[in-house]
Amino acid sequence: MRYPHTLLISRLLGQQAHPRFSTMQPQTAEKKTTVCQVEDRAALKVARQCLLGGQVIALPTDTVYGLACDANNEHAIQRMYEIKGRDEHKPVAICVNNIEALRRYGQAAHLSDELLTRLLPGPLTIVIERTPELSNRFLNPSTSKIGIRIPDFKFIRDLCSVWHEQPLALTSANRSSAPSSLQVTEFRSLWPQLGAVFDAGQIGLTEERRLASTVIDLATPGYYEIVRAGVALKQTLRLVEKYGIKPRQDIGQIL
């Protein structure tokens with residue numbers, strides 16, 4: 001039986017079950033959580049509906065599972081920090097769909113399109129000065145910089161596209177200081193606090209994937225600084241140094 005679009009979305013949000021959408025809950029929680037398979041064609045609509053409502057969702061990236069919300073929604077950012085148990089002075093990244101959007105939200109005039117398209121999409125977070133387009137006073141209030149990701153994962157990039165090219169705030173789906181997650185069951189304790197969980201199965205086959213994205217600060221023209229080694233350090237260093245960008249620190253210990 002085929003349901004009208006609005007009824008389908010309502011049911012997908014948890015009022016009724018769909019073969020690829022389920023409502024699951026930890027034994028100690030009262031709130032049921034919508035768990036959606038990312039390949040379901042209605043999953044993006046459900047995710048967008050959650051974002052519109054200021055909710056935090058969990059979804060896969062090209063490294064680990066992440067928590068995401070509208071980066072310019074003050075309540076949603078505060079809620080993300082609360083769910084993660086994270087110090088508000090520790091920054092989170094944003095996720096965008098393409099290089100054009102990266103330049104909209106970050107000051108990247110000193111970085112060539114050629115370099116950026118060789119670095120991204122991929123398991124890399126580029127830290128640069130933010131632009132006024134990021135207006136949320138609760139988004140990284142202790143720094144003028146912003147980490148920007150373009151993950152090599154179709155679902156999250158498609159979500160950025162249907163989200164009117166707006167940025168998503170992004171952090172790993174785990175409590176602060178806990179290991180990052182390669183499958184949704186590993187952060188099940190967070191489910192009752194989330195608008196929905198989007199499941200792509202296990203991400204990666206090795207524990208190395210838990211290192212998450214490499215974080216590189218490229219805010220200073222001509223120089224780089226490694227903030228987090230992550231999973232893509234060596235290839236990142238080869239590329240930036242090929243383009244004449246020099247280290248601002250001794251990287252011997254990182255390597």
# chains A, B, ... in the order shown; residues from 1 in each chain; ligands from 1
$ residues_around --residues "segment 122-134 of chain A" --least-positions-apart "6" --cutoff "9 Å" --atoms "only C-alpha atoms" --output "PyMOL selection string"
chain A and resi 61-63+71-72+93-94+103-108+143-153+167+212-220+227+230-233+236
$ atom_distance --atom1 "atom CA of Pro247 of chain A" --atom2 "atom CA of Tyr224 of chain A"
5.0 Å
$ residues_around --residues "Leu59 of chain A" --least-positions-apart "3" --cutoff "12 Å" --atoms "only C-alpha atoms" --output "VMD selection string"
chain A and resid 35 to 38 43 to 44 47 56 62 to 69 151 153 to 157 159 168 170 to 174 181 to 184 187 191 194 to 203
$ atom_distance --atom1 "atom CA of Ser177 of chain A" --atom2 "atom CA of Lys90 of chain A"
12.0 Å
$ atom_distance --atom1 "atom CA of Lys234 of chain A" --atom2 "atom CA of Leu119 of chain A"
11.9 Å
$ select_by_dssp --residues "segment 7-189 of chain A" --states "helix (DSSP H, G or I)" --output "PyMOL selection string"
chain A and resi 7-15+43-52+74-84+99-105+113-119+154-162+184-189
$ decode --residues "segment 42-62 of chain A" --atoms "N, CA and C atoms" --output "PDB file, in the first residue's frame"
ATOM      1  N   ALA A  42      13.697   7.863   1.921  1.00  0.00           N
ATOM      2  CA  ALA A  42      13.063   8.880   2.762  1.00  0.00           C
ATOM      3  C   ALA A  42      13.963   9.346   3.902  1.00  0.00           C
ATOM      4  N   ALA A  43      15.138   8.742   4.052  1.00  0.00           N
ATOM      5  CA  ALA A  43      16.003   9.064   5.191  1.00  0.00           C
ATOM      6  C   ALA A  43      16.421  10.534   5.196  1.00  0.00           C
ATOM      7  N   LEU A  44      16.749  11.083   4.032  1.00  0.00           N
ATOM      8  CA  LEU A  44      17.159  12.487   3.977  1.00  0.00           C
ATOM      9  C   LEU A  44      16.031  13.422   4.413  1.00  0.00           C
ATOM     10  N   LYS A  45      14.812  13.096   4.056  1.00  0.00           N
ATOM     11  CA  LYS A  45      13.671  13.922   4.456  1.00  0.00           C
ATOM     12  C   LYS A  45      13.495  13.891   5.972  1.00  0.00           C
ATOM     13  N   VAL A  46      13.681  12.712   6.562  1.00  0.00           N
ATOM     14  CA  VAL A  46      13.562  12.592   8.012  1.00  0.00           C
ATOM     15  C   VAL A  46      14.665  13.399   8.694  1.00  0.00           C
ATOM     16  N   ALA A  47      15.888  13.300   8.179  1.00  0.00           N
ATOM     17  CA  ALA A  47      17.005  14.041   8.756  1.00  0.00           C
ATOM     18  C   ALA A  47      16.764  15.545   8.673  1.00  0.00           C
ATOM     19  N   ARG A  48      16.295  16.003   7.528  1.00  0.00           N
ATOM     20  CA  ARG A  48      16.029  17.435   7.349  1.00  0.00           C
ATOM     21  C   ARG A  48      14.942  17.899   8.311  1.00  0.00           C
ATOM     22  N   GLN A  49      13.928  17.080   8.498  1.00  0.00           N
ATOM     23  CA  GLN A  49      12.857  17.433   9.426  1.00  0.00           C
ATOM     24  C   GLN A  49      13.401  17.583  10.846  1.00  0.00           C
ATOM     25  N   CYS A  50      14.309  16.713  11.237  1.00  0.00           N
ATOM     26  CA  CYS A  50      14.926  16.809  12.563  1.00  0.00           C
ATOM     27  C   CYS A  50      15.726  18.100  12.693  1.00  0.00           C
ATOM     28  N   LEU A  51      16.503  18.431  11.675  1.00  0.00           N
ATOM     29  CA  LEU A  51      17.311  19.649  11.710  1.00  0.00           C
ATOM     30  C   LEU A  51      16.425  20.893  11.800  1.00  0.00           C
ATOM     31  N   LEU A  52      15.332  20.892  11.053  1.00  0.00           N
ATOM     32  CA  LEU A  52      14.398  22.012  11.101  1.00  0.00           C
ATOM     33  C   LEU A  52      13.823  22.204  12.500  1.00  0.00           C
ATOM     34  N   GLY A  53      13.681  21.097  13.218  1.00  0.00           N
ATOM     35  CA  GLY A  53      13.155  21.150  14.576  1.00  0.00           C
ATOM     36  C   GLY A  53      14.212  21.442  15.624  1.00  0.00           C
ATOM     37  N   GLY A  54      15.440  21.743  15.196  1.00  0.00           N
ATOM     38  CA  GLY A  54      16.502  22.061  16.143  1.00  0.00           C
ATOM     39  C   GLY A  54      17.039  20.860  16.888  1.00  0.00           C
ATOM     40  N   GLN A  55      16.827  19.655  16.331  1.00  0.00           N
ATOM     41  CA  GLN A  55      17.283  18.444  17.008  1.00  0.00           C
ATOM     42  C   GLN A  55      18.702  18.058  16.592  1.00  0.00           C
ATOM     43  N   VAL A  56      19.320  17.254  17.425  1.00  0.00           N
ATOM     44  CA  VAL A  56      20.627  16.674  17.132  1.00  0.00           C
ATOM     45  C   VAL A  56      20.402  15.263  16.601  1.00  0.00           C
ATOM     46  N   ILE A  57      21.089  14.905  15.542  1.00  0.00           N
ATOM     47  CA  ILE A  57      20.968  13.571  14.954  1.00  0.00           C
ATOM     48  C   ILE A  57      22.328  12.886  14.944  1.00  0.00           C
ATOM     49  N   ALA A  58      22.312  11.580  14.771  1.00  0.00           N
ATOM     50  CA  ALA A  58      23.548  10.805  14.614  1.00  0.00           C
ATOM     51  C   ALA A  58      23.574  10.245  13.205  1.00  0.00           C
ATOM     52  N   LEU A  59      24.753  10.296  12.583  1.00  0.00           N
ATOM     53  CA  LEU A  59      24.859   9.850  11.198  1.00  0.00           C
ATOM     54  C   LEU A  59      26.288   9.429  10.883  1.00  0.00           C
ATOM     55  N   PRO A  60      26.471   8.635   9.823  1.00  0.00           N
ATOM     56  CA  PRO A  60      27.811   8.163   9.478  1.00  0.00           C
ATOM     57  C   PRO A  60      28.606   9.211   8.715  1.00  0.00           C
ATOM     58  N   THR A  61      29.930   9.177   8.889  1.00  0.00           N
ATOM     59  CA  THR A  61      30.842   9.961   8.066  1.00  0.00           C
ATOM     60  C   THR A  61      31.834   8.985   7.430  1.00  0.00           C
ATOM     61  N   ASP A  62      32.872   9.520   6.821  1.00  0.00           N
ATOM     62  CA  ASP A  62      33.876   8.647   6.207  1.00  0.00           C
ATOM     63  C   ASP A  62      34.920   8.161   7.203  1.00  0.00           C
TER      64      ASP A  62
END
